[in-house]
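Source file: query-v2.cif. Holds: mmCIF, C-alpha atoms.
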data_entry
#
loop_
_atom_site.group_PDB
_atom_site.id
_atom_site.type_symbol
_atom_site.label_atom_id
_atom_site.label_comp_id
_atom_site.auth_asym_id
_atom_site.auth_seq_id
_atom_site.Cartn_x
_atom_site.Cartn_y
_atom_site.Cartn_z
ATOM 1 C CA MET A 1 -29.710 13.222 -5.665
ATOM 2 C CA SER A 2 -26.946 11.246 -7.359
ATOM 3 C CA ALA A 3 -26.244 7.651 -6.440
ATOM 4 C CA SER A 4 -22.767 8.628 -5.225
ATOM 5 C CA ALA A 5 -24.370 10.916 -2.634
ATOM 6 C CA THR A 6 -26.319 8.021 -1.125
ATOM 7 C CA SER A 7 -24.047 4.978 -1.481
ATOM 8 C CA ARG A 8 -22.528 3.581 1.704
ATOM 9 C CA THR A 9 -19.117 3.528 0.070
ATOM 10 C CA ALA A 10 -19.256 7.221 -0.808
ATOM 11 C CA ARG A 11 -20.285 8.178 2.735
ATOM 12 C CA GLU A 12 -17.479 6.119 4.240
ATOM 13 C CA ILE A 13 -14.946 7.732 1.906
ATOM 14 C CA THR A 14 -16.105 11.181 3.015
ATOM 15 C CA SER A 15 -15.660 10.298 6.699
ATOM 16 C CA GLN A 16 -11.941 9.560 6.420
ATOM 17 C CA PRO A 17 -10.432 12.850 7.632
ATOM 18 C CA ASP A 18 -12.365 12.593 10.912
ATOM 19 C CA ASN A 19 -11.263 8.970 11.326
ATOM 20 C CA TRP A 20 -7.605 9.843 10.787
ATOM 21 C CA LEU A 21 -7.844 12.575 13.407
ATOM 22 C CA ARG A 22 -9.487 10.191 15.857
ATOM 23 C CA ALA A 23 -6.759 7.581 15.311
ATOM 24 C CA ARG A 24 -4.043 10.134 15.953
ATOM 25 C CA GLU A 25 -5.741 11.341 19.128
ATOM 26 C CA ALA A 26 -6.039 7.745 20.397
ATOM 27 C CA LEU A 27 -2.429 6.840 19.646
ATOM 28 C CA ASP A 28 -1.461 6.324 23.295
ATOM 29 C CA LEU A 29 -4.085 3.575 23.605
ATOM 30 C CA TYR A 30 -2.340 1.476 20.968
ATOM 31 C CA ARG A 31 1.375 1.860 21.681
ATOM 32 C CA ASP A 32 1.710 -1.742 22.922
ATOM 33 C CA VAL A 33 0.648 -2.941 19.465
ATOM 34 C CA LEU A 34 3.081 -0.834 17.460
ATOM 35 C CA PRO A 35 6.727 -1.528 16.601
ATOM 36 C CA ARG A 36 9.525 -0.054 18.695
ATOM 37 C CA ARG A 37 12.278 1.969 17.092
ATOM 38 C CA GLY A 38 15.138 -0.258 15.964
ATOM 39 C CA GLU A 39 13.113 -3.473 15.779
ATOM 40 C CA ARG A 40 13.200 -5.659 12.682
ATOM 41 C CA VAL A 41 9.542 -5.860 11.742
ATOM 42 C CA ALA A 42 7.321 -7.828 9.368
ATOM 43 C CA VAL A 43 3.966 -6.285 8.491
ATOM 44 C CA VAL A 44 1.428 -8.660 6.944
ATOM 45 C CA GLY A 45 -2.007 -8.489 5.381
ATOM 46 C CA CYS A 46 -4.065 -9.466 2.362
ATOM 47 C CA GLY A 47 -5.275 -7.287 -0.481
ATOM 48 C CA THR A 48 -5.771 -3.702 0.660
ATOM 49 C CA SER A 49 -4.189 -4.443 4.035
ATOM 50 C CA TRP A 50 -1.050 -5.707 2.306
ATOM 51 C CA PHE A 51 -0.810 -2.487 0.301
ATOM 52 C CA MET A 52 -1.117 -0.444 3.503
ATOM 53 C CA ALA A 53 1.629 -2.637 4.964
ATOM 54 C CA GLN A 54 3.841 -1.766 1.987
ATOM 55 C CA ALA A 55 3.202 1.951 2.458
ATOM 56 C CA TYR A 56 3.989 1.710 6.161
ATOM 57 C CA ALA A 57 7.159 -0.283 5.528
ATOM 58 C CA GLY A 58 8.374 2.466 3.197
ATOM 59 C CA LEU A 59 7.592 5.159 5.756
ATOM 60 C CA ARG A 60 9.185 3.282 8.653
ATOM 61 C CA GLU A 61 12.418 2.425 6.890
ATOM 62 C CA GLY A 62 12.589 5.823 5.206
ATOM 63 C CA GLY A 63 12.338 7.502 8.601
ATOM 64 C CA GLY A 64 15.169 5.401 10.025
ATOM 65 C CA HIS A 65 13.016 3.424 12.470
ATOM 66 C CA GLY A 66 14.297 -0.009 11.472
ATOM 67 C CA GLU A 67 14.224 -2.688 8.820
ATOM 68 C CA THR A 68 10.634 -3.364 7.790
ATOM 69 C CA ASP A 69 9.279 -5.986 5.396
ATOM 70 C CA ALA A 70 5.727 -6.102 4.063
ATOM 71 C CA TRP A 71 4.342 -9.521 3.145
ATOM 72 C CA ALA A 72 1.157 -10.889 1.716
ATOM 73 C CA ALA A 73 0.164 -13.266 4.505
ATOM 74 C CA SER A 74 0.205 -16.261 2.161
ATOM 75 C CA GLU A 75 3.822 -15.501 1.179
ATOM 76 C CA PHE A 76 5.311 -15.025 4.635
ATOM 77 C CA PRO A 77 8.878 -16.425 4.893
ATOM 78 C CA TYR A 78 8.732 -18.575 7.995
ATOM 79 C CA GLY A 79 12.484 -19.111 8.028
ATOM 80 C CA ARG A 80 13.213 -15.426 8.716
ATOM 81 C CA ARG A 81 13.557 -13.984 12.188
ATOM 82 C CA TYR A 82 11.753 -10.796 13.155
ATOM 83 C CA ASP A 83 11.614 -8.838 16.406
ATOM 84 C CA ARG A 84 7.927 -8.140 15.889
ATOM 85 C CA ILE A 85 5.111 -9.103 13.529
ATOM 86 C CA LEU A 86 2.252 -6.717 12.852
ATOM 87 C CA ALA A 87 -0.897 -7.878 11.055
ATOM 88 C CA ILE A 88 -3.498 -5.612 9.461
ATOM 89 C CA THR A 89 -6.944 -7.118 8.894
ATOM 90 C CA ARG A 90 -10.256 -5.282 8.822
ATOM 91 C CA SER A 91 -12.471 -8.266 9.615
ATOM 92 C CA GLY A 92 -10.132 -10.233 11.863
ATOM 93 C CA THR A 93 -11.265 -13.404 10.098
ATOM 94 C CA THR A 94 -9.060 -13.644 6.993
ATOM 95 C CA THR A 95 -7.856 -17.237 6.724
ATOM 96 C CA GLU A 96 -4.287 -16.573 5.550
ATOM 97 C CA VAL A 97 -3.639 -14.059 8.356
ATOM 98 C CA LEU A 98 -5.128 -16.365 10.980
ATOM 99 C CA ASP A 99 -3.054 -19.308 9.777
ATOM 100 C CA LEU A 100 0.111 -17.193 9.819
ATOM 101 C CA LEU A 101 -0.412 -15.959 13.367
ATOM 102 C CA THR A 102 -1.129 -19.480 14.558
ATOM 103 C CA ARG A 103 2.155 -20.694 13.066
ATOM 104 C CA VAL A 104 4.346 -17.882 14.465
ATOM 105 C CA LYS A 105 2.821 -17.814 17.930
ATOM 106 C CA GLY A 106 5.608 -17.516 20.502
ATOM 107 C CA ALA A 107 8.338 -16.771 17.952
ATOM 108 C CA ALA A 108 7.994 -12.975 18.209
ATOM 109 C CA PRO A 109 5.560 -10.466 19.708
ATOM 110 C CA VAL A 110 2.502 -10.146 17.464
ATOM 111 C CA GLY A 111 0.292 -7.093 17.149
ATOM 112 C CA VAL A 112 -2.908 -6.723 15.150
ATOM 113 C CA ILE A 113 -4.737 -3.699 13.773
ATOM 114 C CA THR A 114 -8.364 -4.609 13.100
ATOM 115 C CA ALA A 115 -11.842 -3.123 13.043
ATOM 116 C CA VAL A 116 -13.657 -5.876 14.940
ATOM 117 C CA ALA A 117 -12.960 -7.009 18.494
ATOM 118 C CA GLY A 118 -13.390 -10.616 19.544
ATOM 119 C CA THR A 119 -12.612 -12.109 16.145
ATOM 120 C CA PRO A 120 -10.135 -14.984 15.668
ATOM 121 C CA VAL A 121 -7.095 -12.985 14.480
ATOM 122 C CA PRO A 122 -6.777 -10.600 17.453
ATOM 123 C CA GLN A 123 -7.325 -13.547 19.774
ATOM 124 C CA GLU A 124 -4.098 -15.047 18.390
ATOM 125 C CA ALA A 125 -2.149 -11.804 18.967
ATOM 126 C CA ASP A 126 -0.316 -10.444 21.989
ATOM 127 C CA ALA A 127 -1.965 -7.040 21.569
ATOM 128 C CA ALA A 128 -4.596 -5.518 19.302
ATOM 129 C CA ALA A 129 -5.607 -2.049 18.188
ATOM 130 C CA VAL A 130 -9.343 -2.192 17.472
ATOM 131 C CA LEU A 131 -10.301 0.718 15.216
ATOM 132 C CA ASP A 132 -14.000 -0.038 15.444
ATOM 133 C CA PHE A 133 -14.865 3.600 14.757
ATOM 134 C CA ALA A 134 -13.380 3.136 11.262
ATOM 135 C CA ASP A 135 -15.185 -0.130 10.463
ATOM 136 C CA GLU A 136 -17.238 -0.235 7.279
ATOM 137 C CA GLU A 137 -20.451 -1.710 5.995
ATOM 138 C CA SER A 138 -18.971 -1.668 2.493
ATOM 139 C CA VAL A 139 -17.281 -4.673 0.949
ATOM 140 C CA VAL A 140 -14.717 -2.409 -0.720
ATOM 141 C CA GLN A 141 -12.267 -1.153 1.899
ATOM 142 C CA THR A 142 -11.615 2.568 2.137
ATOM 143 C CA ARG A 143 -11.625 4.230 5.535
ATOM 144 C CA PHE A 144 -10.422 1.342 7.700
ATOM 145 C CA ALA A 145 -7.306 0.850 5.597
ATOM 146 C CA THR A 146 -6.362 4.517 5.460
ATOM 147 C CA THR A 147 -7.118 4.966 9.168
ATOM 148 C CA ALA A 148 -4.795 2.079 10.005
ATOM 149 C CA LEU A 149 -2.077 3.739 7.925
ATOM 150 C CA ALA A 150 -2.832 7.110 9.542
ATOM 151 C CA LEU A 151 -2.368 5.528 12.979
ATOM 152 C CA LEU A 152 0.966 4.014 11.954
ATOM 153 C CA ARG A 153 2.092 7.276 10.360
ATOM 154 C CA ALA A 154 1.110 9.246 13.475
ATOM 155 C CA HIS A 155 3.185 6.830 15.558
ATOM 156 C CA LEU A 156 6.269 7.375 13.398
ATOM 157 C CA GLU A 157 5.734 11.114 13.627
ATOM 158 C CA ALA A 158 5.399 10.939 17.410
ATOM 159 C CA GLU A 159 8.627 8.902 17.545
ATOM 160 C CA GLY A 160 10.401 11.835 15.963
ATOM 161 C CA ALA A 161 11.115 10.944 12.340
ATOM 162 C CA LEU A 162 9.312 10.790 9.019
ATOM 163 C CA PRO A 163 11.110 10.358 5.699
ATOM 164 C CA ALA A 164 12.272 13.518 3.967
ATOM 165 C CA GLY A 165 9.422 15.173 2.101
ATOM 166 C CA VAL A 166 6.627 13.423 4.038
ATOM 167 C CA HIS A 167 4.211 15.877 5.632
ATOM 168 C CA PRO A 168 2.868 15.716 9.185
ATOM 169 C CA LEU A 169 -0.436 13.864 9.345
ATOM 170 C CA GLU A 170 -2.207 17.140 10.048
ATOM 171 C CA LYS A 171 -1.611 18.207 6.441
ATOM 172 C CA ALA A 172 -3.013 14.914 5.140
ATOM 173 C CA ILE A 173 -6.163 15.507 7.201
ATOM 174 C CA SER A 174 -6.488 19.082 5.964
ATOM 175 C CA ASP A 175 -5.905 18.081 2.330
ATOM 176 C CA ALA A 176 -8.389 15.208 2.594
ATOM 177 C CA ARG A 177 -11.107 17.559 3.824
ATOM 178 C CA ARG A 178 -10.719 19.392 0.522
ATOM 179 C CA THR A 179 -10.526 16.317 -1.686
ATOM 180 C CA VAL A 180 -13.822 14.887 -0.419
ATOM 181 C CA ALA A 181 -15.584 17.978 -1.784
ATOM 182 C CA ARG A 182 -13.673 18.584 -5.039
ATOM 183 C CA GLU A 183 -15.082 17.850 -8.448
ATOM 184 C CA LEU A 184 -13.263 15.036 -10.212
ATOM 185 C CA PRO A 185 -11.500 16.145 -13.411
ATOM 186 C CA PRO A 186 -13.657 15.159 -16.427
ATOM 187 C CA GLU A 187 -10.744 13.495 -18.227
ATOM 188 C CA VAL A 188 -10.366 11.159 -15.254
ATOM 189 C CA ARG A 189 -14.062 10.314 -15.030
ATOM 190 C CA THR A 190 -14.102 9.179 -18.660
ATOM 191 C CA ALA A 191 -10.674 7.535 -18.807
ATOM 192 C CA GLY A 192 -10.660 4.199 -20.602
ATOM 193 C CA GLN A 193 -7.583 3.038 -18.710
ATOM 194 C CA LEU A 194 -5.633 4.284 -15.671
ATOM 195 C CA THR A 195 -2.066 3.568 -14.619
ATOM 196 C CA PHE A 196 -1.160 4.523 -11.048
ATOM 197 C CA LEU A 197 2.456 5.242 -10.112
ATOM 198 C CA GLY A 198 4.273 5.868 -6.845
ATOM 199 C CA SER A 199 7.750 5.935 -5.361
ATOM 200 C CA GLY A 200 8.850 4.628 -1.971
ATOM 201 C CA TRP A 201 5.907 4.540 0.405
ATOM 202 C CA THR A 202 3.506 5.893 -2.213
ATOM 203 C CA TYR A 203 3.913 2.796 -4.385
ATOM 204 C CA GLY A 204 1.642 1.010 -1.894
ATOM 205 C CA LEU A 205 -0.910 3.784 -2.405
ATOM 206 C CA ALA A 206 -0.676 3.357 -6.175
ATOM 207 C CA LEU A 207 -1.368 -0.369 -5.824
ATOM 208 C CA GLU A 208 -4.338 0.376 -3.612
ATOM 209 C CA ALA A 209 -5.782 2.994 -5.978
ATOM 210 C CA ALA A 210 -5.635 0.542 -8.870
ATOM 211 C CA LEU A 211 -7.317 -2.132 -6.750
ATOM 212 C CA LYS A 212 -10.172 0.224 -5.814
ATOM 213 C CA LEU A 213 -10.982 0.904 -9.478
ATOM 214 C CA ARG A 214 -10.909 -2.818 -10.290
ATOM 215 C CA GLU A 215 -13.025 -3.805 -7.281
ATOM 216 C CA ALA A 216 -15.712 -1.139 -7.518
ATOM 217 C CA ALA A 217 -15.920 -0.585 -11.277
ATOM 218 C CA GLY A 218 -14.218 -3.520 -12.994
ATOM 219 C CA ALA A 219 -11.966 -0.917 -14.613
ATOM 220 C CA TRP A 220 -8.705 -1.591 -16.448
ATOM 221 C CA THR A 221 -6.070 -0.293 -14.059
ATOM 222 C CA GLU A 222 -2.421 -1.036 -13.426
ATOM 223 C CA ALA A 223 0.146 0.140 -10.867
ATOM 224 C CA TYR A 224 3.940 0.360 -10.926
ATOM 225 C CA PRO A 225 6.877 2.052 -9.235
ATOM 226 C CA ALA A 226 7.172 5.405 -10.986
ATOM 227 C CA MET A 227 10.618 4.824 -12.469
ATOM 228 C CA GLU A 228 9.537 1.417 -13.819
ATOM 229 C CA TYR A 229 6.791 2.976 -15.927
ATOM 230 C CA ARG A 230 9.114 3.627 -18.868
ATOM 231 C CA HIS A 231 10.238 -0.014 -18.837
ATOM 232 C CA GLY A 232 7.209 -1.356 -20.675
ATOM 233 C CA PRO A 233 4.039 -0.087 -18.967
ATOM 234 C CA ILE A 234 4.157 3.151 -20.961
ATOM 235 C CA GLY A 235 3.063 0.969 -23.874
ATOM 236 C CA VAL A 236 -0.565 0.979 -22.667
ATOM 237 C CA THR A 237 -0.762 4.763 -22.421
ATOM 238 C CA GLY A 238 -2.354 6.831 -25.169
ATOM 239 C CA PRO A 239 -5.182 9.282 -25.860
ATOM 240 C CA GLY A 240 -8.012 8.936 -23.359
ATOM 241 C CA ARG A 241 -5.796 7.030 -20.903
ATOM 242 C CA VAL A 242 -4.589 8.459 -17.610
ATOM 243 C CA VAL A 243 -1.343 8.208 -15.647
ATOM 244 C CA TRP A 244 -1.945 9.152 -12.015
ATOM 245 C CA ILE A 245 1.155 9.778 -9.898
ATOM 246 C CA PHE A 246 1.181 9.735 -6.094
ATOM 247 C CA GLY A 247 3.861 12.053 -4.774
ATOM 248 C CA PRO A 248 6.553 13.784 -6.853
ATOM 249 C CA THR A 249 6.689 13.258 -10.612
ATOM 250 C CA PRO A 250 10.127 11.949 -11.665
ATOM 251 C CA PRO A 251 12.062 14.294 -13.965
ATOM 252 C CA GLY A 252 11.098 13.941 -17.614
ATOM 253 C CA LEU A 253 8.147 11.648 -16.982
ATOM 254 C CA ALA A 254 5.506 14.286 -17.705
ATOM 255 C CA ASP A 255 7.078 14.856 -21.131
ATOM 256 C CA ASP A 256 7.088 11.113 -21.848
ATOM 257 C CA ILE A 257 3.391 10.835 -20.963
ATOM 258 C CA ALA A 258 2.530 13.825 -23.142
ATOM 259 C CA ARG A 259 4.561 12.384 -26.034
ATOM 260 C CA VAL A 260 2.390 9.249 -26.187
ATOM 261 C CA GLY A 261 -0.844 11.222 -25.802
ATOM 262 C CA GLY A 262 -1.639 10.270 -22.219
ATOM 263 C CA VAL A 263 -3.201 12.463 -19.541
ATOM 264 C CA LEU A 264 -1.086 13.131 -16.450
ATOM 265 C CA VAL A 265 -2.849 13.477 -13.103
ATOM 266 C CA ALA A 266 -0.983 14.447 -9.958
ATOM 267 C CA GLY A 267 -1.876 16.684 -7.037
ATOM 268 C CA SER A 268 -1.336 19.918 -8.944
ATOM 269 C CA GLU A 269 -2.839 18.659 -12.222
ATOM 270 C CA ALA A 270 -6.016 17.543 -10.436
ATOM 271 C CA GLY A 271 -6.978 21.124 -9.599
ATOM 272 C CA LEU A 272 -5.598 20.769 -6.095
ATOM 273 C CA PRO A 273 -2.725 22.598 -4.398
ATOM 274 C CA THR A 274 0.751 21.559 -5.430
ATOM 275 C CA GLY A 275 2.178 19.276 -2.774
ATOM 276 C CA LEU A 276 -1.103 17.508 -2.004
ATOM 277 C CA ASP A 277 -0.442 14.815 0.582
ATOM 278 C CA PRO A 278 -0.470 11.420 -1.167
ATOM 279 C CA LEU A 279 -2.835 9.903 1.407
ATOM 280 C CA ALA A 280 -5.359 12.627 0.585
ATOM 281 C CA ASP A 281 -4.744 11.942 -3.103
ATOM 282 C CA LEU A 282 -5.792 8.329 -2.467
ATOM 283 C CA VAL A 283 -9.147 9.636 -1.222
ATOM 284 C CA LEU A 284 -9.631 11.269 -4.621
ATOM 285 C CA ALA A 285 -8.880 7.951 -6.328
ATOM 286 C CA GLN A 286 -11.421 6.212 -4.086
ATOM 287 C CA ARG A 287 -14.036 8.750 -5.127
ATOM 288 C CA LEU A 288 -13.154 8.072 -8.737
ATOM 289 C CA ALA A 289 -13.769 4.355 -8.158
ATOM 290 C CA VAL A 290 -17.324 5.133 -7.016
ATOM 291 C CA ALA A 291 -17.918 7.532 -9.908
ATOM 292 C CA GLN A 292 -16.677 5.064 -12.510
ATOM 293 C CA ALA A 293 -18.707 2.256 -10.963
ATOM 294 C CA GLU A 294 -21.872 4.293 -11.264
ATOM 295 C CA ALA A 295 -21.024 5.401 -14.802
ATOM 296 C CA ARG A 296 -20.657 1.723 -15.780
ATOM 297 C CA GLY A 297 -23.962 0.767 -14.172
ATOM 298 C CA CYS A 298 -22.279 -0.988 -11.236
ATOM 299 C CA ASP A 299 -23.322 -0.689 -7.595
ATOM 300 C CA PRO A 300 -20.239 0.291 -5.560
ATOM 301 C CA ASP A 301 -21.889 -1.158 -2.456
ATOM 302 C CA ARG A 302 -22.267 -4.573 -4.122
ATOM 303 C CA PRO A 303 -19.055 -5.198 -6.073
ATOM 304 C CA ARG A 304 -18.907 -8.171 -8.383
ATOM 305 C CA ASN A 305 -17.304 -11.391 -7.104
ATOM 306 C CA LEU A 306 -16.244 -9.899 -3.747
ATOM 307 C CA THR A 307 -17.036 -10.535 -0.086
ATOM 308 C CA ARG A 308 -16.122 -8.533 3.011
ATOM 309 C CA SER A 309 -13.661 -11.181 4.226
ATOM 310 C CA VAL A 310 -11.968 -14.111 2.529
ATOM 311 C CA VAL A 311 -12.483 -17.215 4.647
ATOM 312 C CA LEU A 312 -11.191 -20.249 2.787
ATOM 313 C CA GLY A 313 -12.644 -23.732 2.983
ATOM 314 C CA GLY A 314 -11.416 -25.397 6.134
ATOM 315 C CA GLY A 315 -10.362 -22.050 7.607
ATOM 316 C CA ARG A 316 -11.574 -20.906 11.000
ATOM 317 C CA ALA A 317 -14.019 -17.993 11.096
#

Represent the structure of the file as structure tokens.
Amino acid sequence: MSASATSRTAREITSQPDNWLRAREALDLYRDVLPRRGERVAVVGCGTSWFMAQAYAGLREGGGHGETDAWAASEFPYGRRYDRILAITRSGTTTEVLDLLTRVKGAAPVGVITAVAGTPVPQEADAAAVLDFADEESVVQTRFATTALALLRAHLEAEGALPAGVHPLEKAISDARRTVARELPPEVRTAGQLTFLGSGWTYGLALEAALKLREAAGAWTEAYPAMEYRHGPIGVTGPGRVVWIFGPTPPGLADDIARVGGVLVAGSEAGLPTGLDPLADLVLAQRLAVAQAEARGCDPDRPRNLTRSVVLGGGRA
């Protein structure tokens, strides 16, 4: 049996479709945590949680639900006024998120999406959605982050509007069930460098895909908005290097990638049905992170230099 069949990280990746379905079915339990239509909202997090915040902000604004900013917790603009603040944190102990919520207490309603009840961050919030069924043993985040985004996406769908071209969550679940069983394309497994691209809400997914490859495998990965790729980043692309696009490929971009010798990967090019939901496509990128880690002799369950939660000196845990 291969290492990828037995690693914790691989098993948690495979469980994601069931977790997304469970989050959608439990939506009514968490409505007090989630933004109301028309509110001006700040969504905050660190690392993976920040990238999920960016994806959600794109979905929420694109669906006409209200102005939505996504901030790394350490960069939050305290002089701005928001109707609601929503924090995403798997552990509930991340120092920057805890410090932020302490500082804004009373200024606006605060909601938290976390995997662990009774931790310091949800105790500072007005309401918390505890997705303990999506918690992970792994250091590298996969299913908690995508389940949080699935919950937020299901809420927007239930409120009656998703951006044009965004599928119902049911399609993401169905597509993800296929991606957890698909063989990874060989040109992706052996890629010496990967650049991930996205547009709108899928730019957050591109950032997250690149982070997964760096965390698990120490791979050389980059991420950009799709239309920014021609403005310099195309310079790293060449034979044996991959450009992976979440969502639609901008006109002419496939030709530009081919011209410099790069390999284009998108839903259709990855041996999957055209129109693959980008959230399911992220599952494929997570699986690639495990595969590349193992190919490089790394243990995806014990990534180099990482811990499950970042608690800074002097921070409260």

Expand the PyMOL selection byres ((chain A and resi 205) around 9) into the explicit residue set it covers here, and present it as a VMD selection string. chain A and resid 51 to 52 54 to 55 196 to 198 201 to 204 206 to 210 246 278 to 279 282

Can you list what the PyMOL selection byres ((chain A and resi 179) around 9) grabs from this structure, as a ChimeraX atom specification? /A:14,175-178,180-183,272,280-281,283-284

Go through the shown structure with the PyMOL selection byres ((chain A and resi 168) around 10) and write out the matching residues as a PyMOL selection string. chain A and resi 153-154+156-158+162+165-167+169-173+277

Print the selection's residues with C-alpha atoms to a file, as a compact mmCIF listing (two decimals), in the coordinates of the input.
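Result saved to result21.txt:
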# COMPACT_ATOMS: atom_id res chain seq x y z
CA ARG A 153 2.09 7.28 10.36
CA ALA A 154 1.11 9.25 13.48
CA LEU A 156 6.27 7.38 13.40
CA GLU A 157 5.73 11.11 13.63
CA ALA A 158 5.40 10.94 17.41
CA LEU A 162 9.31 10.79 9.02
CA GLY A 165 9.42 15.17 2.10
CA VAL A 166 6.63 13.42 4.04
CA HIS A 167 4.21 15.88 5.63
CA LEU A 169 -0.44 13.86 9.35
CA GLU A 170 -2.21 17.14 10.05
CA LYS A 171 -1.61 18.21 6.44
CA ALA A 172 -3.01 14.91 5.14
CA ILE A 173 -6.16 15.51 7.20
CA ASP A 277 -0.44 14.82 0.58

Could you work out how far atom CA of Leu149 of chain A lies from atom CA of Gly106 of chain A, giving the answer in Å with one decimal?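 Taking atom CA of Gly106 of chain A as the start and atom CA of Leu149 of chain A as the end point, the length is 25.9 Å.
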
Atom-to-atom span, atom CA of Thr119 of chain A and atom CA of Thr95 of chain A, Å: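 Answer for the atom CA of Thr119 of chain A to atom CA of Thr95 of chain A separation: 11.7 Å.
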
May I have the protein, DNA and RNA residues with any atom at most 8 Å from the point (-1.1, -5.1, -10.6), counting only C-alpha atoms, written as a list in words?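 Residues satisfying the cut-off, written out: Leu207, Ala210, Leu211, Thr221, Glu222, Ala223 and Tyr224 of chain A.
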
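Using all atoms listed in the file, the nearest neighbour of Arg214 of chain A within the list A:Gly160, A:Leu288, A:Gly62, A:Ser199 is A:Leu288.
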
May I ask for the distance between atom CA of Arg143 of chain A and atom CA of Pro109 of chain A, given in Å to one decimal place?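 About the pair atom CA of Arg143 of chain A and atom CA of Pro109 of chain A: they are 26.7 Å apart.
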
Do you know which residues are at most 12 Å from Glu39 of chain A counting only C-alpha atoms, after dropping those on the same chain fewer than 4 positions away, and could you put them as a PyMOL selection string? chain A and resi 34-35+60-61+64-69+81-86+108-109

Take the residues from that selection and write them out as a PDB file, keeping the file's coordinate frame, keeping C-alpha atoms.
ATOM      1  CA  LEU A  34       3.081  -0.834  17.460  1.00  0.00           C
ATOM      2  CA  PRO A  35       6.727  -1.528  16.601  1.00  0.00           C
ATOM      3  CA  ARG A  60       9.185   3.282   8.653  1.00  0.00           C
ATOM      4  CA  GLU A  61      12.418   2.425   6.890  1.00  0.00           C
ATOM      5  CA  GLY A  64      15.169   5.401  10.025  1.00  0.00           C
ATOM      6  CA  HIS A  65      13.016   3.424  12.470  1.00  0.00           C
ATOM      7  CA  GLY A  66      14.297  -0.009  11.472  1.00  0.00           C
ATOM      8  CA  GLU A  67      14.224  -2.688   8.820  1.00  0.00           C
ATOM      9  CA  THR A  68      10.634  -3.364   7.790  1.00  0.00           C
ATOM     10  CA  ASP A  69       9.279  -5.986   5.396  1.00  0.00           C
ATOM     11  CA  ARG A  81      13.557 -13.984  12.188  1.00  0.00           C
ATOM     12  CA  TYR A  82      11.753 -10.796  13.155  1.00  0.00           C
ATOM     13  CA  ASP A  83      11.614  -8.838  16.406  1.00  0.00           C
ATOM     14  CA  ARG A  84       7.927  -8.140  15.889  1.00  0.00           C
ATOM     15  CA  ILE A  85       5.111  -9.103  13.529  1.00  0.00           C
ATOM     16  CA  LEU A  86       2.252  -6.717  12.852  1.00  0.00           C
ATOM     17  CA  ALA A 108       7.994 -12.975  18.209  1.00  0.00           C
ATOM     18  CA  PRO A 109       5.560 -10.466  19.708  1.00  0.00           C
TER      19      PRO A 109
END

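Checking A:Arg40, A:Arg80, A:Arg302, A:His155 one by one against Thr9 of chain A, counting all atoms listed in the file, you find the shortest gap at A:Arg302.
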
Between A:Gly92, A:Pro17, A:Pro122, A:Pro186, which one has atoms that come closest to Val33 of chain A, using all atoms listed in the file?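 Nearest candidate to Val33 of chain A out of A:Gly92, A:Pro17, A:Pro122, A:Pro186: A:Pro122.
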
Select all residues near (-0.7, -9.5, 8.7) (cut-off 10 Å, inclusive, file coordinates), counting only C-alpha atoms, and output them as a PyMOL selection string. chain A and resi 42-46+49-50+53+70-74+76+85-89+92+94+96-98+100-101+110-113+121

Of the candidates A:Gly63, A:Thr114, A:Gly38, A:Leu131, which one gets nearest to Arg22 of chain A if we count only C-alpha atoms?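 Looking at the shortest contact to Arg22 of chain A, the residue is A:Leu131.
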